[in-house]
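entry29.pdb follows; it contains PDB, C-alpha atoms and all ligand atoms.
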```pdb
ATOM      1  CA  MET A  80      16.164 -10.055 -32.752
ATOM      2  CA  PRO A  81      13.490  -7.385 -33.048
ATOM      3  CA  GLU A  82      14.735  -3.785 -33.257
ATOM      4  CA  LEU A  83      13.548  -2.029 -30.116
ATOM      5  CA  PRO A  84      13.771   1.648 -29.201
ATOM      6  CA  PRO A  85      16.222   2.458 -26.375
ATOM      7  CA  LEU A  86      14.737   2.085 -22.894
ATOM      8  CA  ARG A  87      15.321   5.771 -22.113
ATOM      9  CA  GLU A  88      13.098   6.630 -25.070
ATOM     10  CA  ILE A  89      10.380   4.233 -23.846
ATOM     11  CA  ILE A  90      10.508   5.844 -20.425
ATOM     12  CA  ALA A  91      10.240   9.345 -21.855
ATOM     13  CA  ARG A  92       7.444   8.425 -24.270
ATOM     14  CA  HIS A  93       5.340   6.695 -21.589
ATOM     15  CA  GLY A  94       6.138   9.216 -18.854
ATOM     16  CA  LEU A  95       7.620   6.577 -16.540
ATOM     17  CA  SER A  96       9.351   8.806 -14.015
ATOM     18  CA  ALA A  97      10.715   6.530 -11.269
ATOM     19  CA  SER A  98       8.395   6.234  -8.279
ATOM     20  CA  LYS A  99      10.152   6.033  -4.920
ATOM     21  CA  SER A 100       7.190   4.432  -3.159
ATOM     22  CA  LEU A 101       7.228   1.551  -5.690
ATOM     23  CA  GLY A 102      10.978   1.026  -5.187
ATOM     24  CA  GLN A 103      11.737   1.940  -8.788
ATOM     25  CA  ASN A 104      15.411   1.989  -9.784
ATOM     26  CA  PHE A 105      15.719   1.023 -13.415
ATOM     27  CA  LEU A 106      18.526  -0.788 -15.238
ATOM     28  CA  PHE A 107      19.386   0.209 -18.803
ATOM     29  CA  ASP A 108      22.744  -1.473 -19.484
ATOM     30  CA  GLU A 109      21.910  -4.292 -21.894
ATOM     31  CA  GLN A 110      25.184  -6.128 -21.348
ATOM     32  CA  LEU A 111      24.642  -6.155 -17.603
ATOM     33  CA  LEU A 112      21.042  -7.290 -18.079
ATOM     34  CA  ASP A 113      22.156 -10.092 -20.425
ATOM     35  CA  ARG A 114      24.701 -11.221 -17.835
ATOM     36  CA  ILE A 115      21.981 -11.377 -15.165
ATOM     37  CA  ALA A 116      19.677 -13.303 -17.525
ATOM     38  CA  ALA A 117      22.499 -15.801 -18.188
ATOM     39  CA  LEU A 118      23.023 -16.660 -14.486
ATOM     40  CA  PRO A 119      20.455 -19.504 -14.329
ATOM     41  CA  GLY A 120      21.891 -21.149 -17.478
ATOM     42  CA  SER A 121      20.065 -21.384 -20.803
ATOM     43  CA  LEU A 122      16.527 -20.011 -20.616
ATOM     44  CA  ASP A 123      15.656 -20.936 -24.179
ATOM     45  CA  GLY A 124      12.067 -22.212 -24.181
ATOM     46  CA  LYS A 125      11.934 -22.083 -20.346
ATOM     47  CA  ALA A 126       9.190 -20.552 -18.221
ATOM     48  CA  VAL A 127      10.326 -17.522 -16.224
ATOM     49  CA  LEU A 128       8.532 -15.491 -13.587
ATOM     50  CA  GLU A 129       9.706 -11.893 -13.369
ATOM     51  CA  VAL A 130       8.505  -9.618 -10.585
ATOM     52  CA  GLY A 131       8.486  -5.907 -11.285
ATOM     53  CA  PRO A 132       9.445  -5.621 -14.977
ATOM     54  CA  GLY A 133       8.943  -1.846 -14.883
ATOM     55  CA  PRO A 134       9.752  -0.465 -18.343
ATOM     56  CA  GLY A 135      11.125  -3.889 -19.307
ATOM     57  CA  GLY A 136      14.935  -3.788 -19.223
ATOM     58  CA  LEU A 137      15.464  -7.213 -17.661
ATOM     59  CA  THR A 138      12.363  -8.489 -19.482
ATOM     60  CA  ARG A 139      14.044  -7.696 -22.808
ATOM     61  CA  ALA A 140      17.124  -9.677 -21.789
ATOM     62  CA  LEU A 141      14.946 -12.639 -20.782
ATOM     63  CA  LEU A 142      13.054 -12.520 -24.080
ATOM     64  CA  ARG A 143      16.339 -12.269 -26.011
ATOM     65  CA  ALA A 144      17.426 -15.421 -24.196
ATOM     66  CA  GLY A 145      14.332 -17.208 -25.527
ATOM     67  CA  ALA A 146      12.410 -17.393 -22.230
ATOM     68  CA  HIS A 147       8.628 -17.506 -21.933
ATOM     69  CA  VAL A 148       8.098 -14.736 -19.426
ATOM     70  CA  THR A 149       5.233 -14.116 -17.038
ATOM     71  CA  ALA A 150       5.783 -10.694 -15.512
ATOM     72  CA  ILE A 151       3.892  -9.264 -12.525
ATOM     73  CA  GLU A 152       3.885  -5.468 -12.406
ATOM     74  CA  MET A 153       2.009  -3.285  -9.967
ATOM     75  CA  ASP A 154       2.526   0.046 -11.720
ATOM     76  CA  ARG A 155      -0.085   0.319 -14.452
ATOM     77  CA  ARG A 156       1.848   3.173 -16.071
ATOM     78  CA  CYS A 157       4.318   0.505 -17.291
ATOM     79  CA  LEU A 158       1.695  -1.671 -19.004
ATOM     80  CA  PRO A 159       1.619   0.078 -22.425
ATOM     81  CA  ALA A 160       5.419  -0.144 -22.688
ATOM     82  CA  LEU A 161       5.285  -3.836 -21.761
ATOM     83  CA  ALA A 162       2.480  -4.424 -24.281
ATOM     84  CA  GLU A 163       4.757  -3.033 -27.015
ATOM     85  CA  LEU A 164       7.464  -5.421 -25.896
ATOM     86  CA  GLY A 165       4.979  -8.298 -26.069
ATOM     87  CA  GLU A 166       4.181  -7.359 -29.655
ATOM     88  CA  ALA A 167       7.855  -7.518 -30.567
ATOM     89  CA  TYR A 168       8.136 -11.019 -29.076
ATOM     90  CA  PRO A 169       4.797 -12.670 -29.949
ATOM     91  CA  ALA A 170       3.661 -15.441 -27.578
ATOM     92  CA  GLN A 171       6.712 -15.006 -25.315
ATOM     93  CA  LEU A 172       5.436 -12.425 -22.819
ATOM     94  CA  ARG A 173       2.422 -12.426 -20.515
ATOM     95  CA  VAL A 174       1.989  -9.420 -18.237
ATOM     96  CA  ILE A 175      -0.094  -9.607 -15.069
ATOM     97  CA  GLU A 176      -1.053  -6.376 -13.379
ATOM     98  CA  GLY A 177      -0.997  -6.758  -9.618
ATOM     99  CA  ASP A 178       0.878  -7.082  -6.355
ATOM    100  CA  ALA A 179       3.285 -10.028  -6.462
ATOM    101  CA  LEU A 180       2.842 -10.468  -2.712
ATOM    102  CA  LYS A 181      -0.845 -11.221  -3.201
ATOM    103  CA  ILE A 182      -0.619 -13.565  -6.184
ATOM    104  CA  GLY A 183      -0.119 -17.353  -5.990
ATOM    105  CA  HIS A 184       2.971 -17.863  -8.145
ATOM    106  CA  ALA A 185       2.751 -21.643  -8.652
ATOM    107  CA  GLU A 186      -0.888 -21.352  -9.757
ATOM    108  CA  LEU A 187      -0.056 -18.454 -12.038
ATOM    109  CA  MET A 188       2.623 -20.591 -13.707
ATOM    110  CA  GLY A 189       0.111 -23.417 -14.261
ATOM    111  CA  GLY A 190       1.885 -25.919 -12.018
ATOM    112  CA  GLU A 191       4.917 -26.069 -14.374
ATOM    113  CA  PRO A 192       8.465 -25.533 -13.071
ATOM    114  CA  PHE A 193       9.796 -22.010 -13.574
ATOM    115  CA  ALA A 194      12.861 -19.888 -12.945
ATOM    116  CA  VAL A 195      12.420 -16.626 -11.038
ATOM    117  CA  LEU A 196      14.432 -13.586 -12.114
ATOM    118  CA  SER A 197      13.852 -10.137 -10.736
ATOM    119  CA  ASN A 198      15.372  -6.784 -10.036
ATOM    120  CA  LEU A 199      13.271  -6.709  -6.924
ATOM    121  CA  PRO A 200      11.656  -3.653  -5.502
ATOM    122  CA  TYR A 201      13.660  -3.275  -2.303
ATOM    123  CA  ASN A 202      10.616  -2.709  -0.158
ATOM    124  CA  VAL A 203       9.068  -6.104  -0.993
ATOM    125  CA  GLY A 204      12.204  -8.086  -1.880
ATOM    126  CA  THR A 205      12.817  -9.723   1.461
ATOM    127  CA  ALA A 206       9.119 -10.565   1.949
ATOM    128  CA  LEU A 207       9.002 -12.335  -1.418
ATOM    129  CA  PHE A 208      12.286 -14.110  -0.735
ATOM    130  CA  VAL A 209      11.043 -15.430   2.619
ATOM    131  CA  ARG A 210       7.886 -16.636   0.910
ATOM    132  CA  TRP A 211       9.759 -18.428  -1.897
ATOM    133  CA  LEU A 212      12.077 -20.119   0.601
ATOM    134  CA  GLY A 213       9.359 -20.928   3.137
ATOM    135  CA  GLY A 214       6.606 -23.533   3.377
ATOM    136  CA  GLU A 215       6.765 -27.190   4.350
ATOM    137  CA  ALA A 216       6.496 -28.399   0.729
ATOM    138  CA  TRP A 217       9.858 -29.066  -0.938
ATOM    139  CA  PRO A 218      11.176 -29.057  -3.643
ATOM    140  CA  PRO A 219       9.560 -25.731  -4.501
ATOM    141  CA  PRO A 220       7.833 -25.036  -7.829
ATOM    142  CA  TRP A 221      10.749 -22.791  -8.911
ATOM    143  CA  THR A 222      14.016 -24.198 -10.267
ATOM    144  CA  SER A 223      16.145 -21.173  -9.324
ATOM    145  CA  LEU A 224      15.891 -17.653  -7.914
ATOM    146  CA  THR A 225      18.080 -14.952  -9.453
ATOM    147  CA  LEU A 226      17.392 -11.807  -7.497
ATOM    148  CA  MET A 227      18.792  -8.321  -7.057
ATOM    149  CA  PHE A 228      19.072  -7.148  -3.456
ATOM    150  CA  GLN A 229      20.761  -4.411  -1.557
ATOM    151  CA  GLN A 230      24.295  -5.737  -1.068
ATOM    152  CA  GLU A 231      23.901  -5.832   2.694
ATOM    153  CA  VAL A 232      20.807  -8.074   2.371
ATOM    154  CA  ALA A 233      22.574 -10.269  -0.210
ATOM    155  CA  GLN A 234      25.436 -10.718   2.266
ATOM    156  CA  ARG A 235      22.996 -11.755   4.993
ATOM    157  CA  ILE A 236      21.488 -14.370   2.657
ATOM    158  CA  VAL A 237      24.821 -16.037   1.788
ATOM    159  CA  ALA A 238      26.550 -15.457   5.150
ATOM    160  CA  PRO A 239      28.537 -18.293   6.737
ATOM    161  CA  PRO A 240      28.335 -18.816  10.521
ATOM    162  CA  GLY A 241      30.505 -16.752  12.813
ATOM    163  CA  GLY A 242      29.822 -13.189  11.740
ATOM    164  CA  SER A 243      27.277 -10.498  12.317
ATOM    165  CA  ALA A 244      25.666 -11.026   8.870
ATOM    166  CA  TYR A 245      24.730 -14.614   9.810
ATOM    167  CA  GLY A 246      21.161 -14.901  11.029
ATOM    168  CA  ARG A 247      17.659 -16.107  10.256
ATOM    169  CA  LEU A 248      17.877 -15.182   6.573
ATOM    170  CA  ALA A 249      21.071 -17.243   6.077
ATOM    171  CA  VAL A 250      19.567 -20.302   7.768
ATOM    172  CA  LEU A 251      16.342 -19.992   5.767
ATOM    173  CA  ALA A 252      18.268 -19.606   2.500
ATOM    174  CA  GLN A 253      20.831 -22.336   3.088
ATOM    175  CA  TRP A 254      19.293 -25.231   5.033
ATOM    176  CA  ARG A 255      17.710 -26.799   1.919
ATOM    177  CA  ALA A 256      19.054 -24.632  -0.888
ATOM    178  CA  LYS A 257      22.364 -23.346  -2.187
ATOM    179  CA  ALA A 258      22.678 -19.565  -2.144
ATOM    180  CA  LYS A 259      25.550 -17.683  -3.727
ATOM    181  CA  LEU A 260      26.370 -14.071  -4.354
ATOM    182  CA  ALA A 261      26.599 -14.143  -8.150
ATOM    183  CA  MET A 262      27.348 -10.527  -9.065
ATOM    184  CA  LYS A 263      27.887  -7.175  -7.387
ATOM    185  CA  VAL A 264      26.170  -4.251  -9.082
ATOM    186  CA  HIS A 265      27.351  -0.694  -8.556
ATOM    187  CA  ARG A 266      24.701   1.828  -7.547
ATOM    188  CA  SER A 267      25.546   3.918 -10.603
ATOM    189  CA  ALA A 268      24.123   1.164 -12.855
ATOM    190  CA  PHE A 269      20.612   2.198 -11.776
ATOM    191  CA  THR A 270      18.474   5.164 -12.749
ATOM    192  CA  PRO A 271      17.994   6.846 -10.358
ATOM    193  CA  PRO A 272      20.941   5.433  -8.375
ATOM    194  CA  PRO A 273      19.907   4.056  -4.973
ATOM    195  CA  LYS A 274      21.880   5.092  -1.869
ATOM    196  CA  VAL A 275      23.480   1.670  -1.455
ATOM    197  CA  MET A 276      25.261  -0.955  -3.549
ATOM    198  CA  SER A 277      23.376  -3.956  -4.908
ATOM    199  CA  ALA A 278      24.135  -7.602  -5.596
ATOM    200  CA  VAL A 279      22.488 -10.466  -7.428
ATOM    201  CA  VAL A 280      21.905 -13.636  -5.430
ATOM    202  CA  HIS A 281      21.421 -16.983  -7.151
ATOM    203  CA  VAL A 282      19.589 -19.727  -5.252
ATOM    204  CA  THR A 283      18.945 -23.326  -6.290
ATOM    205  CA  PRO A 284      16.970 -25.892  -4.276
ATOM    206  CA  GLU A 285      18.785 -28.825  -2.677
ATOM    207  CA  GLN A 286      17.454 -31.888  -0.926
ATOM    208  CA  MET A 287      15.571 -31.094   2.264
ATOM    209  CA  PRO A 288      16.970 -32.718   5.432
ATOM    210  CA  GLU A 289      14.591 -35.380   6.683
ATOM    211  CA  GLY A 290      12.440 -35.149   9.785
ATOM    212  CA  VAL A 291      12.602 -31.371  10.185
ATOM    213  CA  SER A 292       9.657 -29.001  10.230
ATOM    214  CA  ILE A 293      10.438 -25.560   8.898
ATOM    215  CA  GLY A 294       8.008 -24.179  11.476
ATOM    216  CA  MET A 295      10.251 -25.522  14.250
ATOM    217  CA  LEU A 296      13.437 -24.358  12.531
ATOM    218  CA  GLU A 297      11.978 -20.864  12.255
ATOM    219  CA  ARG A 298      10.891 -20.905  15.870
ATOM    220  CA  ILE A 299      14.381 -21.824  17.011
ATOM    221  CA  THR A 300      16.187 -19.312  14.801
ATOM    222  CA  GLU A 301      13.758 -16.576  15.797
ATOM    223  CA  ALA A 302      14.424 -17.229  19.481
ATOM    224  CA  ALA A 303      18.181 -17.722  19.075
ATOM    225  CA  PHE A 304      18.853 -14.696  16.849
ATOM    226  CA  GLY A 305      16.203 -12.568  18.549
ATOM    227  CA  GLN A 306      18.665 -12.358  21.447
ATOM    228  CA  ARG A 307      21.834 -12.991  19.506
ATOM    229  CA  ARG A 308      24.190 -11.604  22.152
ATOM    230  CA  LYS A 309      22.872 -14.001  24.777
ATOM    231  CA  MET A 310      24.010 -17.567  25.350
ATOM    232  CA  LEU A 311      21.755 -20.220  23.820
ATOM    233  CA  ARG A 312      20.738 -21.535  27.240
ATOM    234  CA  GLN A 313      19.136 -18.137  27.794
ATOM    235  CA  SER A 314      17.848 -17.245  24.321
ATOM    236  CA  LEU A 315      16.298 -20.685  23.718
ATOM    237  CA  LYS A 316      14.416 -20.783  27.030
ATOM    238  CA  ALA A 317      11.270 -19.705  25.187
ATOM    239  CA  VAL A 318      11.269 -22.924  23.108
ATOM    240  CA  PRO A 319      10.207 -25.854  25.323
ATOM    241  CA  GLY A 320      12.770 -28.657  25.355
ATOM    242  CA  ALA A 321      15.363 -26.729  23.355
ATOM    243  CA  VAL A 322      17.944 -26.314  26.110
ATOM    244  CA  GLU A 323      17.745 -30.043  26.963
ATOM    245  CA  ALA A 324      18.028 -30.891  23.248
ATOM    246  CA  LEU A 325      21.211 -28.797  23.017
ATOM    247  CA  GLU A 326      22.770 -30.869  25.760
ATOM    248  CA  GLY A 327      21.558 -34.108  24.167
ATOM    249  CA  LEU A 328      23.261 -33.108  20.930
ATOM    250  CA  GLY A 329      26.490 -32.135  22.660
ATOM    251  CA  ILE A 330      26.117 -28.460  21.714
ATOM    252  CA  ASP A 331      27.580 -26.252  24.424
ATOM    253  CA  PRO A 332      24.646 -24.144  25.734
ATOM    254  CA  THR A 333      26.995 -21.260  26.536
ATOM    255  CA  ARG A 334      27.549 -20.695  22.783
ATOM    256  CA  ARG A 335      25.773 -17.858  20.978
ATOM    257  CA  ALA A 336      23.428 -18.227  17.986
ATOM    258  CA  GLU A 337      25.863 -16.970  15.379
ATOM    259  CA  THR A 338      28.397 -19.720  16.167
ATOM    260  CA  LEU A 339      25.974 -22.544  15.299
ATOM    261  CA  SER A 340      26.303 -24.097  11.850
ATOM    262  CA  ILE A 341      23.233 -24.635   9.683
ATOM    263  CA  GLU A 342      23.621 -28.385  10.352
ATOM    264  CA  GLU A 343      23.506 -27.755  14.110
ATOM    265  CA  PHE A 344      20.329 -25.681  13.769
ATOM    266  CA  VAL A 345      18.828 -28.443  11.626
ATOM    267  CA  SER A 346      19.749 -31.149  14.188
ATOM    268  CA  LEU A 347      18.202 -29.086  16.947
ATOM    269  CA  ALA A 348      15.008 -28.568  14.944
ATOM    270  CA  ARG A 349      14.897 -32.301  14.147
ATOM    271  CA  CYS A 350      15.073 -33.163  17.856
ATOM    272  CA  LEU A 351      12.123 -30.896  18.559
ATOM    273  CA  THR A 352      10.054 -31.625  15.434
ATOM    274  CA  GLY A 353       7.133 -33.976  15.785
ATOM    275  CA  ASP A 354       6.109 -34.040  19.421
ATOM    276  CA  ARG A 355       6.274 -30.268  19.795
ATOM    277  CA  GLY A 356       6.261 -29.127  16.123
TER     278      GLY A 356
HETATM  279  N1  LIG A 401      12.857  -4.655 -13.732
HETATM  280  C1  LIG A 401      13.032  -3.219 -13.942
HETATM  281  C2  LIG A 401      14.506  -2.926 -14.143
HETATM  282  O1  LIG A 401      15.311  -3.804 -13.818
HETATM  283  O2  LIG A 401      14.845  -1.855 -14.614
HETATM  284  C3  LIG A 401      12.450  -2.421 -12.775
HETATM  285  C4  LIG A 401      13.003  -2.713 -11.418
HETATM  286  S1  LIG A 401      12.397  -1.659 -10.131
HETATM  287  C5  LIG A 401      13.701  -1.893  -8.930
HETATM  288  C6  LIG A 401      11.114  -2.560  -9.309
HETATM  289  C7  LIG A 401       9.793  -2.752 -10.081
HETATM  290  O3  LIG A 401       8.882  -3.514  -9.282
HETATM  291  C8  LIG A 401       9.047  -1.464 -10.399
HETATM  292  O4  LIG A 401       8.652  -1.483 -11.742
HETATM  293  C9  LIG A 401       7.822  -1.468  -9.465
HETATM  294  O5  LIG A 401       6.710  -0.812 -10.017
HETATM  295  C10 LIG A 401       7.569  -2.948  -9.326
HETATM  296  N2  LIG A 401       6.876  -3.334  -8.080
HETATM  297  C11 LIG A 401       6.994  -2.756  -6.861
HETATM  298  N3  LIG A 401       6.281  -3.426  -5.932
HETATM  299  C12 LIG A 401       5.687  -4.473  -6.588
HETATM  300  C13 LIG A 401       4.830  -5.528  -6.183
HETATM  301  N4  LIG A 401       4.449  -5.662  -4.908
HETATM  302  N5  LIG A 401       4.406  -6.399  -7.113
HETATM  303  C14 LIG A 401       4.804  -6.272  -8.413
HETATM  304  N6  LIG A 401       5.622  -5.295  -8.855
HETATM  305  C15 LIG A 401       6.063  -4.402  -7.965
END
```
Can you dump the structure from the file as structure tokens?
Ligand code: SAM
Amino acid sequence: MPELPPLREIIARHGLSASKSLGQNFLFDEQLLDRIAALPGSLDGKAVLEVGPGPGGLTRALLRAGAHVTAIEMDRRCLPALAELGEAYPAQLRVIEGDALKIGHAELMGGEPFAVLSNLPYNVGTALFVRWLGGEAWPPPWTSLTLMFQQEVAQRIVAPPGGSAYGRLAVLAQWRAKAKLAMKVHRSAFTPPPKVMSAVVHVTPEQMPEGVSIGMLERITEAAFGQRRKMLRQSLKAVPGAVEALEGLGIDPTRRAETLSIEEFVSLARCLTGDRG
């Protein structure tokens, strides 16, 4: 392994004071970073997309694990530090300067499968997650997502039905993928520490249920959870045919959105996909 200066030294030398507007909370604990990098299984020789490498803490762990990393970073102040890291691991690191929300990830990765790992900037994390989980095409180009979120968001992603955390994000994350809360991370692990606790979520694609358009599933969950305290016969009025479909499926229309299982949402979307999709 190449000898690298401590991350704190890199930050001081390159003047990388954490920027609040870029959602910068850095991780320095190498053991923690190695544990995150190990979550998807062996990365040796594998292609990895990392969003927001910052000074390169997680990037180092990925390179140590033998990954071929493409990293998208918006803060150009970090580029010299990342270039040094690239020199220490020749041909293993490619850094792209830009906004990960505006870059086509599959194209960037040359159409090859890739794992995504990221200590996401909180302000863009959910938007990227929704994008990775969205789209009609499935399986996705990524083989797994290993992502740091605020703990409250992580809990909404993995939530089972029946509680207040269960909503659109849970349905999106679980109807054709497996999402688990892999690791809780204390706020004190970050520099500077954020106000809230964090957690790493690990997502792997599963088979997509047949005959369901994600557009229709999203329409239904938006309507149902948009008025989550109302009965479905009221909240789903905005989706033509949905109340009749509930009855056809034997789902009691006096139930509320958060009591419906993912399978029930999928069945409802299947009923309405096609003629009204
Ligand atoms: N990966 C580093 C770590 O774990 O210590 C830094 C994590 S920090 C929470 C988030 C990083 O994402 C910052 O370096 C920030 O500049 C970068 N970033 C913020 N918005 C971005 C965007 N839209 N596209 C790419 N990078 C972004």
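Between ligand LIG 401 (chain A) and the candidates A:Leu137, A:Leu86, A:Leu248, A:Val279, the tightest atom-to-atom separation, counting all atoms listed in the file, involves A:Leu137.
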Could I get the residue neighbourhood of ligand LIG 401 (chain A) at 10 Å, counting only C-alpha atoms and all ligand atoms, as a PDB file with C-alpha atoms, in the frame of the given file?
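The result, stored in out-v6.pdb:
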```
ATOM      1  CA  LEU A  86      14.737   2.085 -22.894  1.00  0.00           C
ATOM      2  CA  LEU A  95       7.620   6.577 -16.540  1.00  0.00           C
ATOM      3  CA  ALA A  97      10.715   6.530 -11.269  1.00  0.00           C
ATOM      4  CA  SER A  98       8.395   6.234  -8.279  1.00  0.00           C
ATOM      5  CA  LYS A  99      10.152   6.033  -4.920  1.00  0.00           C
ATOM      6  CA  SER A 100       7.190   4.432  -3.159  1.00  0.00           C
ATOM      7  CA  LEU A 101       7.228   1.551  -5.690  1.00  0.00           C
ATOM      8  CA  GLY A 102      10.978   1.026  -5.187  1.00  0.00           C
ATOM      9  CA  GLN A 103      11.737   1.940  -8.788  1.00  0.00           C
ATOM     10  CA  ASN A 104      15.411   1.989  -9.784  1.00  0.00           C
ATOM     11  CA  PHE A 105      15.719   1.023 -13.415  1.00  0.00           C
ATOM     12  CA  LEU A 106      18.526  -0.788 -15.238  1.00  0.00           C
ATOM     13  CA  PHE A 107      19.386   0.209 -18.803  1.00  0.00           C
ATOM     14  CA  ASP A 108      22.744  -1.473 -19.484  1.00  0.00           C
ATOM     15  CA  LEU A 112      21.042  -7.290 -18.079  1.00  0.00           C
ATOM     16  CA  GLU A 129       9.706 -11.893 -13.369  1.00  0.00           C
ATOM     17  CA  VAL A 130       8.505  -9.618 -10.585  1.00  0.00           C
ATOM     18  CA  GLY A 131       8.486  -5.907 -11.285  1.00  0.00           C
ATOM     19  CA  PRO A 132       9.445  -5.621 -14.977  1.00  0.00           C
ATOM     20  CA  GLY A 133       8.943  -1.846 -14.883  1.00  0.00           C
ATOM     21  CA  PRO A 134       9.752  -0.465 -18.343  1.00  0.00           C
ATOM     22  CA  GLY A 135      11.125  -3.889 -19.307  1.00  0.00           C
ATOM     23  CA  GLY A 136      14.935  -3.788 -19.223  1.00  0.00           C
ATOM     24  CA  LEU A 137      15.464  -7.213 -17.661  1.00  0.00           C
ATOM     25  CA  THR A 138      12.363  -8.489 -19.482  1.00  0.00           C
ATOM     26  CA  ARG A 139      14.044  -7.696 -22.808  1.00  0.00           C
ATOM     27  CA  ALA A 150       5.783 -10.694 -15.512  1.00  0.00           C
ATOM     28  CA  ILE A 151       3.892  -9.264 -12.525  1.00  0.00           C
ATOM     29  CA  GLU A 152       3.885  -5.468 -12.406  1.00  0.00           C
ATOM     30  CA  MET A 153       2.009  -3.285  -9.967  1.00  0.00           C
ATOM     31  CA  ASP A 154       2.526   0.046 -11.720  1.00  0.00           C
ATOM     32  CA  ARG A 155      -0.085   0.319 -14.452  1.00  0.00           C
ATOM     33  CA  ARG A 156       1.848   3.173 -16.071  1.00  0.00           C
ATOM     34  CA  CYS A 157       4.318   0.505 -17.291  1.00  0.00           C
ATOM     35  CA  ILE A 175      -0.094  -9.607 -15.069  1.00  0.00           C
ATOM     36  CA  GLU A 176      -1.053  -6.376 -13.379  1.00  0.00           C
ATOM     37  CA  GLY A 177      -0.997  -6.758  -9.618  1.00  0.00           C
ATOM     38  CA  ASP A 178       0.878  -7.082  -6.355  1.00  0.00           C
ATOM     39  CA  ALA A 179       3.285 -10.028  -6.462  1.00  0.00           C
ATOM     40  CA  LEU A 180       2.842 -10.468  -2.712  1.00  0.00           C
ATOM     41  CA  LYS A 181      -0.845 -11.221  -3.201  1.00  0.00           C
ATOM     42  CA  ILE A 182      -0.619 -13.565  -6.184  1.00  0.00           C
ATOM     43  CA  LEU A 196      14.432 -13.586 -12.114  1.00  0.00           C
ATOM     44  CA  SER A 197      13.852 -10.137 -10.736  1.00  0.00           C
ATOM     45  CA  ASN A 198      15.372  -6.784 -10.036  1.00  0.00           C
ATOM     46  CA  LEU A 199      13.271  -6.709  -6.924  1.00  0.00           C
ATOM     47  CA  PRO A 200      11.656  -3.653  -5.502  1.00  0.00           C
ATOM     48  CA  TYR A 201      13.660  -3.275  -2.303  1.00  0.00           C
ATOM     49  CA  ASN A 202      10.616  -2.709  -0.158  1.00  0.00           C
ATOM     50  CA  VAL A 203       9.068  -6.104  -0.993  1.00  0.00           C
ATOM     51  CA  GLY A 204      12.204  -8.086  -1.880  1.00  0.00           C
ATOM     52  CA  ALA A 206       9.119 -10.565   1.949  1.00  0.00           C
ATOM     53  CA  LEU A 207       9.002 -12.335  -1.418  1.00  0.00           C
ATOM     54  CA  MET A 227      18.792  -8.321  -7.057  1.00  0.00           C
ATOM     55  CA  PHE A 228      19.072  -7.148  -3.456  1.00  0.00           C
ATOM     56  CA  ALA A 268      24.123   1.164 -12.855  1.00  0.00           C
ATOM     57  CA  PHE A 269      20.612   2.198 -11.776  1.00  0.00           C
ATOM     58  CA  THR A 270      18.474   5.164 -12.749  1.00  0.00           C
ATOM     59  CA  PRO A 271      17.994   6.846 -10.358  1.00  0.00           C
ATOM     60  CA  PRO A 273      19.907   4.056  -4.973  1.00  0.00           C
TER      61      PRO A 273
END
```
Q) Mind pulling up the distance from atom CA of Ala278 of chain A to atom CA of Glu301 of chain A? A) 25.4 Å
Q: Could you tell me which residues the PyMOL selection byres (((chain A and resi 121) around 12) and not hetatm) grabs in this file, written as number ranges by chain?
A: A: 113-120, 122-127, 141-146, 194
Store the residues picked out above, limited to C-alpha atoms, as a CSV table (one decimal), in the coordinates of the input.
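Result file again_0.csv:
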```csv
chain,number,residue,atom,x,y,z
A,113,ASP,CA,22.2,-10.1,-20.4
A,114,ARG,CA,24.7,-11.2,-17.8
A,115,ILE,CA,22.0,-11.4,-15.2
A,116,ALA,CA,19.7,-13.3,-17.5
A,117,ALA,CA,22.5,-15.8,-18.2
A,118,LEU,CA,23.0,-16.7,-14.5
A,119,PRO,CA,20.5,-19.5,-14.3
A,120,GLY,CA,21.9,-21.1,-17.5
A,122,LEU,CA,16.5,-20.0,-20.6
A,123,ASP,CA,15.7,-20.9,-24.2
A,124,GLY,CA,12.1,-22.2,-24.2
A,125,LYS,CA,11.9,-22.1,-20.3
A,126,ALA,CA,9.2,-20.6,-18.2
A,127,VAL,CA,10.3,-17.5,-16.2
A,141,LEU,CA,14.9,-12.6,-20.8
A,142,LEU,CA,13.1,-12.5,-24.1
A,143,ARG,CA,16.3,-12.3,-26.0
A,144,ALA,CA,17.4,-15.4,-24.2
A,145,GLY,CA,14.3,-17.2,-25.5
A,146,ALA,CA,12.4,-17.4,-22.2
A,194,ALA,CA,12.9,-19.9,-12.9
```
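Residues within 9 Å of Ile341 of chain A, counting all atoms listed in the file and excluding same-chain residues fewer than 5 positions away, are Pro239, Pro240, Ala249, Val250, Gln253, Trp254 and Ser346 of chain A.
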